[in-house]
$ cat protein29.csv   # CSV, C-alpha atoms
chain,number,residue,atom,x,y,z
A,220,SER,CA,3.1,-3.8,-20.3
A,221,ASN,CA,2.2,-7.4,-19.9
A,222,MET,CA,3.2,-8.6,-16.5
A,223,GLY,CA,1.7,-12.1,-17.0
A,224,LYS,CA,-0.1,-12.2,-13.6
A,225,ASP,CA,-3.5,-13.7,-12.8
A,226,VAL,CA,-5.3,-11.0,-10.8
A,227,ARG,CA,-8.2,-11.6,-8.4
A,228,ILE,CA,-10.2,-8.7,-7.0
A,229,ILE,CA,-11.9,-9.4,-3.7
A,230,GLU,CA,-14.4,-6.8,-2.7
A,231,GLY,CA,-14.2,-5.7,0.9
A,232,ILE,CA,-17.5,-6.8,2.3
A,233,PRO,CA,-19.3,-4.8,5.0
A,234,LEU,CA,-18.8,-6.8,8.1
A,235,GLU,CA,-20.5,-7.0,11.5
A,236,LYS,CA,-18.1,-6.5,14.4
A,237,THR,CA,-18.5,-10.2,15.4
A,238,ILE,CA,-17.0,-11.6,12.2
A,239,ASN,CA,-13.4,-12.9,12.5
A,240,THR,CA,-11.6,-11.0,9.8
A,241,GLU,CA,-8.3,-12.9,10.3
A,242,LYS,CA,-10.2,-16.2,9.7
A,243,ILE,CA,-11.7,-14.7,6.4
A,244,ILE,CA,-8.2,-13.6,5.2
A,245,ARG,CA,-6.6,-17.0,6.0
A,246,LYS,CA,-9.4,-18.7,4.1
A,247,TRP,CA,-8.9,-16.4,1.1
A,248,ILE,CA,-5.1,-17.1,1.2
A,249,GLU,CA,-5.8,-20.9,1.2
A,250,MET,CA,-8.3,-20.5,-1.7
A,251,TYR,CA,-6.4,-18.2,-3.9
A,252,ASN,CA,-2.8,-18.9,-3.0
A,253,PRO,CA,-1.7,-15.3,-3.7
A,254,SER,CA,2.0,-14.5,-4.6
A,255,HIS,CA,1.3,-10.8,-3.7
A,256,ILE,CA,-1.5,-8.8,-2.1
A,257,ILE,CA,-2.5,-5.2,-2.8
A,258,ILE,CA,-4.8,-3.3,-0.4
A,259,GLY,CA,-6.8,-1.1,-2.8
A,260,PRO,CA,-7.5,2.6,-2.9
A,261,GLY,CA,-10.8,3.1,-1.2
A,262,PRO,CA,-13.4,4.5,-1.0
A,263,SER,CA,-13.9,6.2,2.4
A,264,VAL,CA,-11.4,5.9,5.3
A,265,PRO,CA,-9.2,3.0,6.4
A,266,ASN,CA,-11.1,2.3,9.6
A,267,ASN,CA,-14.3,1.6,7.6
A,268,SER,CA,-12.5,-1.3,6.0
A,269,LYS,CA,-12.0,-4.0,8.6
A,270,ILE,CA,-10.4,-6.3,6.0
A,271,SER,CA,-7.9,-3.7,4.9
A,272,MET,CA,-7.0,-2.9,8.5
A,273,GLN,CA,-6.7,-6.6,9.4
A,274,LEU,CA,-4.4,-7.3,6.4
A,275,ALA,CA,-2.2,-4.4,7.5
A,276,LYS,CA,-2.1,-5.7,11.1
A,277,MET,CA,-1.3,-9.3,10.0
A,278,ALA,CA,1.5,-8.0,7.7
A,279,LEU,CA,3.1,-5.8,10.3
A,280,GLU,CA,3.0,-8.6,12.8
A,281,GLY,CA,4.7,-10.9,10.3
A,282,LYS,CA,1.6,-13.1,10.1
A,283,LEU,CA,0.6,-12.5,6.4
A,284,GLN,CA,2.1,-15.7,5.2
A,285,ASN,CA,1.6,-18.5,2.8
A,286,ASN,CA,3.6,-21.8,3.1
A,287,ASN,CA,5.8,-20.0,5.7
A,288,LEU,CA,6.7,-17.2,3.3
A,289,HIS,CA,5.8,-13.6,3.8
A,290,ILE,CA,3.3,-12.5,1.2
A,291,PRO,CA,4.5,-9.1,-0.2
A,292,LEU,CA,1.9,-6.4,0.6
A,293,LEU,CA,1.3,-3.1,-1.2
A,294,GLY,CA,-1.0,-0.5,0.2
A,295,LEU,CA,-2.3,1.8,-2.4
A,296,CYS,CA,-3.8,5.1,-1.3
A,297,LEU,CA,-6.4,4.0,1.3
A,298,GLY,CA,-4.3,0.8,1.7
A,299,HIS,CA,-1.2,2.9,2.3
A,300,GLN,CA,-3.1,4.8,5.0
A,301,ALA,CA,-4.3,1.6,6.6
A,302,ILE,CA,-0.8,0.2,7.0
A,303,GLY,CA,0.4,3.6,8.4
A,304,LEU,CA,-2.4,3.7,10.9
A,305,VAL,CA,-1.7,0.2,12.1
A,306,ALA,CA,2.0,1.2,12.5
A,307,GLY,CA,0.8,4.0,14.8
A,308,TRP,CA,1.2,6.9,12.4
A,309,GLU,CA,-1.3,9.7,12.3
A,310,LEU,CA,-3.7,10.3,9.4
A,311,ILE,CA,-4.3,14.0,9.0
A,312,GLU,CA,-5.9,16.5,6.5
A,313,SER,CA,-3.2,17.4,4.0
A,314,PRO,CA,-1.6,20.7,5.1
A,315,LEU,CA,-1.3,21.6,1.5
A,316,GLY,CA,-4.9,20.9,0.7
A,317,ALA,CA,-6.8,18.2,-1.2
A,318,VAL,CA,-5.5,17.1,-4.7
A,319,HIS,CA,-7.8,15.3,-7.1
A,320,GLY,CA,-6.5,14.0,-10.4
A,321,LYS,CA,-3.3,15.9,-10.6
A,322,PRO,CA,-0.1,14.5,-12.1
A,323,SER,CA,2.5,15.6,-9.7
A,324,GLN,CA,6.3,15.5,-9.2
A,325,PHE,CA,7.6,13.0,-6.6
A,326,ILE,CA,11.0,12.6,-5.0
A,327,HIS,CA,12.0,9.1,-4.0
A,328,ASP,CA,14.9,7.1,-2.5
A,329,GLY,CA,15.6,5.1,-5.7
A,330,LYS,CA,15.2,1.8,-3.8
A,331,GLY,CA,12.6,-1.0,-3.7
A,332,LEU,CA,9.6,0.1,-5.7
A,333,TYR,CA,11.6,3.0,-7.2
A,334,GLN,CA,14.5,1.1,-8.6
A,335,ASN,CA,15.7,2.2,-12.0
A,336,LEU,CA,13.2,5.1,-12.2
A,337,PRO,CA,13.7,8.8,-12.9
A,338,ASN,CA,13.9,11.1,-9.9
A,339,PRO,CA,11.8,13.2,-9.7
A,340,ILE,CA,9.0,11.0,-11.3
A,341,THR,CA,5.5,12.1,-12.4
A,342,LEU,CA,2.7,10.3,-10.7
A,343,MET,CA,-1.0,10.8,-10.3
A,344,ARG,CA,-2.5,12.1,-7.0
A,345,TYR,CA,-6.0,11.9,-5.6
A,346,ASN,CA,-6.0,12.6,-1.9
A,347,SER,CA,-7.1,14.9,0.9
A,348,LEU,CA,-5.6,12.9,3.8
A,349,ILE,CA,-2.0,12.2,4.4
A,350,LEU,CA,0.0,10.0,6.8
A,351,SER,CA,2.2,11.8,9.4
A,352,PRO,CA,5.0,9.6,10.6
A,353,ASN,CA,5.7,9.6,14.3
A,354,ASN,CA,7.8,6.5,14.8
A,355,ASP,CA,10.3,4.4,12.8
A,356,LYS,CA,8.3,1.3,12.3
A,357,LEU,CA,8.2,2.2,8.6
A,358,ILE,CA,10.8,3.9,6.5
A,359,SER,CA,9.7,6.9,4.4
A,360,THR,CA,10.7,6.4,0.7
A,361,CYS,CA,8.8,9.0,-1.3
A,362,TRP,CA,7.7,12.6,-0.9
A,363,ASP,CA,5.8,15.3,-2.9
A,364,GLU,CA,7.9,17.9,-4.7
A,365,SER,CA,7.9,20.3,-1.7
A,366,ASN,CA,9.5,17.4,0.3
A,367,THR,CA,6.9,17.8,3.0
A,368,LEU,CA,4.1,15.3,2.3
A,369,LEU,CA,4.8,11.6,2.7
A,370,MET,CA,3.9,9.7,-0.5
A,371,GLY,CA,5.5,6.3,0.1
A,372,PHE,CA,7.1,4.0,2.7
A,373,ARG,CA,8.5,0.5,3.1
A,374,HIS,CA,9.0,-1.7,6.1
A,375,PRO,CA,12.6,-2.1,7.4
A,376,ASN,CA,12.6,-5.9,6.9
A,377,LEU,CA,9.3,-7.3,5.8
A,378,PRO,CA,8.0,-7.0,2.2
A,379,ILE,CA,5.5,-4.2,3.0
A,380,TYR,CA,5.1,-1.1,0.9
A,381,GLY,CA,2.8,1.9,0.9
A,382,ILE,CA,2.1,4.4,-1.9
A,383,GLN,CA,-0.2,7.5,-1.6
A,384,PHE,CA,-0.3,7.9,-5.4
A,385,HIS,CA,-2.0,5.9,-8.2
A,386,PRO,CA,0.5,4.0,-10.4
A,387,GLU,CA,-2.4,2.5,-12.4
A,388,SER,CA,-3.5,6.0,-13.6
A,389,VAL,CA,-2.9,7.3,-17.1
A,390,GLY,CA,-1.4,10.3,-15.2
A,391,SER,CA,1.4,8.0,-14.0
A,392,PRO,CA,3.3,7.3,-17.2
A,393,MET,CA,5.9,5.0,-15.5
A,394,GLY,CA,3.4,3.7,-12.9
A,395,ASP,CA,3.5,0.2,-14.4
A,396,HIS,CA,7.2,0.1,-13.6
A,397,ILE,CA,6.4,0.7,-9.9
A,398,LEU,CA,3.9,-2.2,-10.0
A,399,LEU,CA,6.4,-4.4,-11.8
A,400,ASN,CA,9.0,-3.7,-9.1
A,401,PHE,CA,6.4,-4.7,-6.5
A,402,VAL,CA,5.4,-7.9,-8.4
A,403,ASN,CA,9.1,-8.8,-8.6
A,404,LYS,CA,9.5,-8.6,-4.8
A,405,LYS,CA,9.8,-11.9,-2.9

$ encode --input "protein29.csv" --output "structure tokens"
Amino acid sequence: SNMGKDVRIIEGIPLEKTINTEKIIRKWIEMYNPSHIIIGPGPSVPNNSKISMQLAKMALEGKLQNNNLHIPLLGLCLGHQAIGLVAGWELIESPLGAVHGKPSQFIHDGKGLYQNLPNPITLMRYNSLILSPNNDKLISTCWDESNTLLMGFRHPNLPIYGIQFHPESVGSPMGDHILLNFVNKK
């Protein structure tokens, strides 16, 4: 579906510890004036991506802003894990094992990213790690069909969302609706 958005992909650059990631992000926001930001799916683990972790931190602190407006943030797979880690949640090996390229059934709360979507919904999974919530800084919104693995969250009052699945995959027939719901967030 044509969402009519101008998309910029900025590659996470390997950074020395001394570089101020917040300064880099603020410069990018100034340069690109983004309406929305997505933290991408990987590779590796969130702590190896200083930019992803800094974006998550700024968002959760309410500092991911442009013209005094919060920029909606979507964490996708590794991006989802980064936001969860910054919120203090644990990242663990999935108790049900790794899943690579498997369309799966998901149960969701019907709100936010999942508005007007079937429940359960079929979405594509590729993951071996999973977030384990241990505080209420984020609200769980989506689970695997066994209702044990967290597959999505949202922030209680900031436009911050995380998804463990891949809406852009051909294995997610309604994934574009999830992305459209995100793009329509203010």

$ residues_around --input "protein29.csv" --residues "A:Asp328" --least-positions-apart "6" --cutoff "12 Å" --atoms "all atoms listed in the file" --output "PyMOL selection string"
chain A and resi 334-340+358-362+366+370-373

$ write_last_selection --input "protein29.csv" --atoms "C-alpha atoms" --output "compact mmCIF listing (two decimals), in the frame of the given file"
# COMPACT_ATOMS: atom_id res chain seq x y z
CA GLN A 334 14.50 1.10 -8.60
CA ASN A 335 15.70 2.20 -12.00
CA LEU A 336 13.20 5.10 -12.20
CA PRO A 337 13.70 8.80 -12.90
CA ASN A 338 13.90 11.10 -9.90
CA PRO A 339 11.80 13.20 -9.70
CA ILE A 340 9.00 11.00 -11.30
CA ILE A 358 10.80 3.90 6.50
CA SER A 359 9.70 6.90 4.40
CA THR A 360 10.70 6.40 0.70
CA CYS A 361 8.80 9.00 -1.30
CA TRP A 362 7.70 12.60 -0.90
CA ASN A 366 9.50 17.40 0.30
CA MET A 370 3.90 9.70 -0.50
CA GLY A 371 5.50 6.30 0.10
CA PHE A 372 7.10 4.00 2.70
CA ARG A 373 8.50 0.50 3.10

$ closest_residue --input "protein29.csv" --among "A:Asp355, A:Thr240, A:Tyr251, A:Leu368" --to "A:Ala317" --atoms "all atoms listed in the file"
A:Leu368

$ residues_around --input "protein29.csv" --residues "A:Pro314" --least-positions-apart "3" --cutoff "10 Å" --atoms "all atoms listed in the file" --output "list in words"
Ile311, Ala317, Ser347, Leu348, Ile349, Thr367 and Leu368 of chain A

$ atom_distance --input "protein29.csv" --atom1 "atom CA of A:Gln300" --atom2 "atom CA of A:Met250"
26.7 Å

$ closest_residue --input "protein29.csv" --among "A:Ile257, A:Ile248, A:Leu342, A:Leu310" --to "A:Leu295" --atoms "only C-alpha atoms"
A:Ile257

$ closest_residue --input "protein29.csv" --among "A:Gly331, A:Pro386, A:Gly298, A:Pro262" --to "A:Phe401" --atoms "all atoms listed in the file"
A:Gly331

$ closest_residue --input "protein29.csv" --among "A:Ser365, A:Leu304, A:Leu292, A:His255" --to "A:Met272" --atoms "only C-alpha atoms"
A:Leu304

$ closest_residue --input "protein29.csv" --among "A:Leu377, A:Ile243, A:Val264, A:Ile326" --to "A:Ile290" --atoms "all atoms listed in the file"
A:Leu377

$ atom_distance --input "protein29.csv" --atom1 "atom CA of A:Gly303" --atom2 "atom CA of A:Lys405"
21.4 Å

$ residues_around --input "protein29.csv" --residues "A:Gly281" --least-positions-apart "3" --cutoff "12 Å" --atoms "only C-alpha atoms" --output "ChimeraX atom specification"
/A:274-278,284-285,287-292,374,376-379

$ decode --input "protein29.csv" --residues "stretch 247-382 of chain A" --atoms "C-alpha atoms" --output "mmCIF file, in the first residue's frame"
data_model
loop_
_atom_site.group_PDB
_atom_site.id
_atom_site.type_symbol
_atom_site.label_atom_id
_atom_site.label_comp_id
_atom_site.auth_asym_id
_atom_site.auth_seq_id
_atom_site.Cartn_x
_atom_site.Cartn_y
_atom_site.Cartn_z
ATOM 1 C CA TRP A 247 20.098 14.122 12.451
ATOM 2 C CA ILE A 248 16.724 15.386 13.734
ATOM 3 C CA GLU A 249 17.715 18.914 12.687
ATOM 4 C CA MET A 250 18.911 17.725 9.264
ATOM 5 C CA TYR A 251 16.077 15.342 8.394
ATOM 6 C CA ASN A 252 13.152 16.777 10.380
ATOM 7 C CA PRO A 253 11.548 13.322 10.874
ATOM 8 C CA SER A 254 7.830 12.957 11.594
ATOM 9 C CA HIS A 255 8.437 9.407 12.950
ATOM 10 C CA ILE A 256 11.473 7.255 13.821
ATOM 11 C CA ILE A 257 11.862 3.477 13.594
ATOM 12 C CA ILE A 258 14.740 1.705 15.341
ATOM 13 C CA GLY A 259 15.520 -1.162 12.997
ATOM 14 C CA PRO A 260 15.807 -4.897 13.463
ATOM 15 C CA GLY A 261 19.504 -5.528 13.929
ATOM 16 C CA PRO A 262 21.856 -7.301 13.487
ATOM 17 C CA SER A 263 23.473 -8.417 16.776
ATOM 18 C CA VAL A 264 22.208 -7.316 20.210
ATOM 19 C CA PRO A 265 20.924 -3.898 21.342
ATOM 20 C CA ASN A 266 23.935 -3.039 23.501
ATOM 21 C CA ASN A 267 26.150 -3.180 20.394
ATOM 22 C CA SER A 268 24.123 -0.365 18.858
ATOM 23 C CA LYS A 269 24.840 2.780 20.841
ATOM 24 C CA ILE A 270 22.620 4.904 18.572
ATOM 25 C CA SER A 271 19.634 2.549 19.059
ATOM 26 C CA MET A 272 20.099 2.539 22.832
ATOM 27 C CA GLN A 273 20.461 6.351 22.904
ATOM 28 C CA LEU A 274 17.298 6.818 20.793
ATOM 29 C CA ALA A 275 15.423 4.545 23.226
ATOM 30 C CA LYS A 276 16.803 6.448 26.237
ATOM 31 C CA MET A 277 15.908 9.859 24.800
ATOM 32 C CA ALA A 278 12.393 8.670 23.930
ATOM 33 C CA LEU A 279 11.722 7.178 27.380
ATOM 34 C CA GLU A 280 13.014 10.366 29.015
ATOM 35 C CA GLY A 281 10.615 12.391 26.834
ATOM 36 C CA LYS A 282 13.579 14.051 25.065
ATOM 37 C CA LEU A 283 13.045 12.665 21.556
ATOM 38 C CA GLN A 284 11.472 15.849 20.274
ATOM 39 C CA ASN A 285 11.269 18.071 17.233
ATOM 40 C CA ASN A 286 9.763 21.578 17.533
ATOM 41 C CA ASN A 287 8.648 20.674 21.091
ATOM 42 C CA LEU A 288 6.619 17.699 19.825
ATOM 43 C CA HIS A 289 7.434 14.109 20.757
ATOM 44 C CA ILE A 290 8.585 12.145 17.709
ATOM 45 C CA PRO A 291 6.714 8.819 17.640
ATOM 46 C CA LEU A 292 9.207 5.950 17.990
ATOM 47 C CA LEU A 293 8.747 2.360 16.845
ATOM 48 C CA GLY A 294 11.244 -0.283 17.926
ATOM 49 C CA LEU A 295 11.295 -3.206 15.503
ATOM 50 C CA CYS A 296 12.844 -6.491 16.743
ATOM 51 C CA LEU A 297 16.288 -5.311 17.987
ATOM 52 C CA GLY A 298 14.762 -1.816 18.309
ATOM 53 C CA HIS A 299 11.955 -3.260 20.468
ATOM 54 C CA GLN A 300 14.566 -5.006 22.630
ATOM 55 C CA ALA A 301 16.597 -1.771 22.980
ATOM 56 C CA ILE A 302 13.587 0.182 24.299
ATOM 57 C CA GLY A 303 12.715 -2.659 26.692
ATOM 58 C CA LEU A 304 16.289 -2.814 28.037
ATOM 59 C CA VAL A 305 16.370 0.946 28.622
ATOM 60 C CA ALA A 306 13.041 0.616 30.499
ATOM 61 C CA GLY A 307 14.746 -1.926 32.778
ATOM 62 C CA TRP A 308 13.199 -5.062 31.326
ATOM 63 C CA GLU A 309 15.316 -8.193 30.936
ATOM 64 C CA LEU A 310 16.402 -9.668 27.602
ATOM 65 C CA ILE A 311 16.456 -13.465 27.856
ATOM 66 C CA GLU A 312 16.781 -16.514 25.599
ATOM 67 C CA SER A 313 13.259 -17.374 24.456
ATOM 68 C CA PRO A 314 11.991 -20.174 26.730
ATOM 69 C CA LEU A 315 10.206 -21.670 23.709
ATOM 70 C CA GLY A 316 13.366 -21.631 21.546
ATOM 71 C CA ALA A 317 14.521 -19.610 18.553
ATOM 72 C CA VAL A 318 12.157 -18.980 15.647
ATOM 73 C CA HIS A 319 13.532 -18.039 12.247
ATOM 74 C CA GLY A 320 11.196 -17.035 9.446
ATOM 75 C CA LYS A 321 7.986 -18.528 10.749
ATOM 76 C CA PRO A 322 4.589 -16.882 10.212
ATOM 77 C CA SER A 323 2.960 -17.137 13.663
ATOM 78 C CA GLN A 324 -0.336 -16.328 15.330
ATOM 79 C CA PHE A 325 -0.340 -13.340 17.669
ATOM 80 C CA ILE A 326 -2.875 -12.127 20.226
ATOM 81 C CA HIS A 327 -3.101 -8.353 20.783
ATOM 82 C CA ASP A 328 -5.063 -5.739 22.737
ATOM 83 C CA GLY A 329 -6.759 -4.200 19.668
ATOM 84 C CA LYS A 330 -5.414 -0.717 20.505
ATOM 85 C CA GLY A 331 -2.723 1.551 19.071
ATOM 86 C CA LEU A 332 -0.792 -0.333 16.391
ATOM 87 C CA TYR A 333 -3.435 -3.099 16.348
ATOM 88 C CA GLN A 334 -6.521 -0.932 15.757
ATOM 89 C CA ASN A 335 -9.003 -2.492 13.308
ATOM 90 C CA LEU A 336 -6.946 -5.667 12.853
ATOM 91 C CA PRO A 337 -7.994 -9.319 13.171
ATOM 92 C CA ASN A 338 -7.266 -11.046 16.472
ATOM 93 C CA PRO A 339 -5.361 -13.326 16.377
ATOM 94 C CA ILE A 340 -3.254 -11.959 13.511
ATOM 95 C CA THR A 341 -0.577 -13.730 11.435
ATOM 96 C CA LEU A 342 2.859 -12.076 11.588
ATOM 97 C CA MET A 343 6.408 -13.124 10.765
ATOM 98 C CA ARG A 344 8.865 -14.018 13.536
ATOM 99 C CA TYR A 345 12.658 -14.175 13.513
ATOM 100 C CA ASN A 346 14.035 -14.145 17.048
ATOM 101 C CA SER A 347 15.908 -16.088 19.700
ATOM 102 C CA LEU A 348 15.844 -13.426 22.428
ATOM 103 C CA ILE A 349 12.737 -12.103 24.121
ATOM 104 C CA LEU A 350 11.959 -9.284 26.570
ATOM 105 C CA SER A 351 10.801 -10.266 30.028
ATOM 106 C CA PRO A 352 8.805 -7.401 31.625
ATOM 107 C CA ASN A 353 9.618 -6.711 35.272
ATOM 108 C CA ASN A 354 8.151 -3.241 35.804
ATOM 109 C CA ASP A 355 5.214 -1.233 34.468
ATOM 110 C CA LYS A 356 7.160 1.459 32.569
ATOM 111 C CA LEU A 357 5.751 -0.080 29.368
ATOM 112 C CA ILE A 358 2.391 -1.755 28.718
ATOM 113 C CA SER A 359 2.363 -5.201 27.092
ATOM 114 C CA THR A 360 0.105 -5.187 24.026
ATOM 115 C CA CYS A 361 0.887 -8.336 22.023
ATOM 116 C CA TRP A 362 1.784 -11.966 22.752
ATOM 117 C CA ASP A 363 2.510 -15.201 20.899
ATOM 118 C CA GLU A 364 -0.328 -17.711 20.573
ATOM 119 C CA SER A 365 0.704 -19.512 23.792
ATOM 120 C CA ASN A 366 0.206 -16.145 25.539
ATOM 121 C CA THR A 367 3.616 -16.481 27.221
ATOM 122 C CA LEU A 368 6.046 -14.533 25.019
ATOM 123 C CA LEU A 369 5.883 -10.743 24.840
ATOM 124 C CA MET A 370 5.617 -9.616 21.206
ATOM 125 C CA GLY A 371 4.720 -5.928 21.596
ATOM 126 C CA PHE A 372 4.381 -2.990 23.980
ATOM 127 C CA ARG A 373 3.506 0.686 24.129
ATOM 128 C CA HIS A 374 4.384 3.447 26.550
ATOM 129 C CA PRO A 375 1.560 4.535 28.896
ATOM 130 C CA ASN A 376 1.631 8.157 27.674
ATOM 131 C CA LEU A 377 4.444 8.790 25.167
ATOM 132 C CA PRO A 378 4.227 7.729 21.479
ATOM 133 C CA ILE A 379 6.638 4.806 21.948
ATOM 134 C CA TYR A 380 5.903 1.324 20.581
ATOM 135 C CA GLY A 381 7.839 -1.923 20.323
ATOM 136 C CA ILE A 382 7.205 -4.980 18.171
#
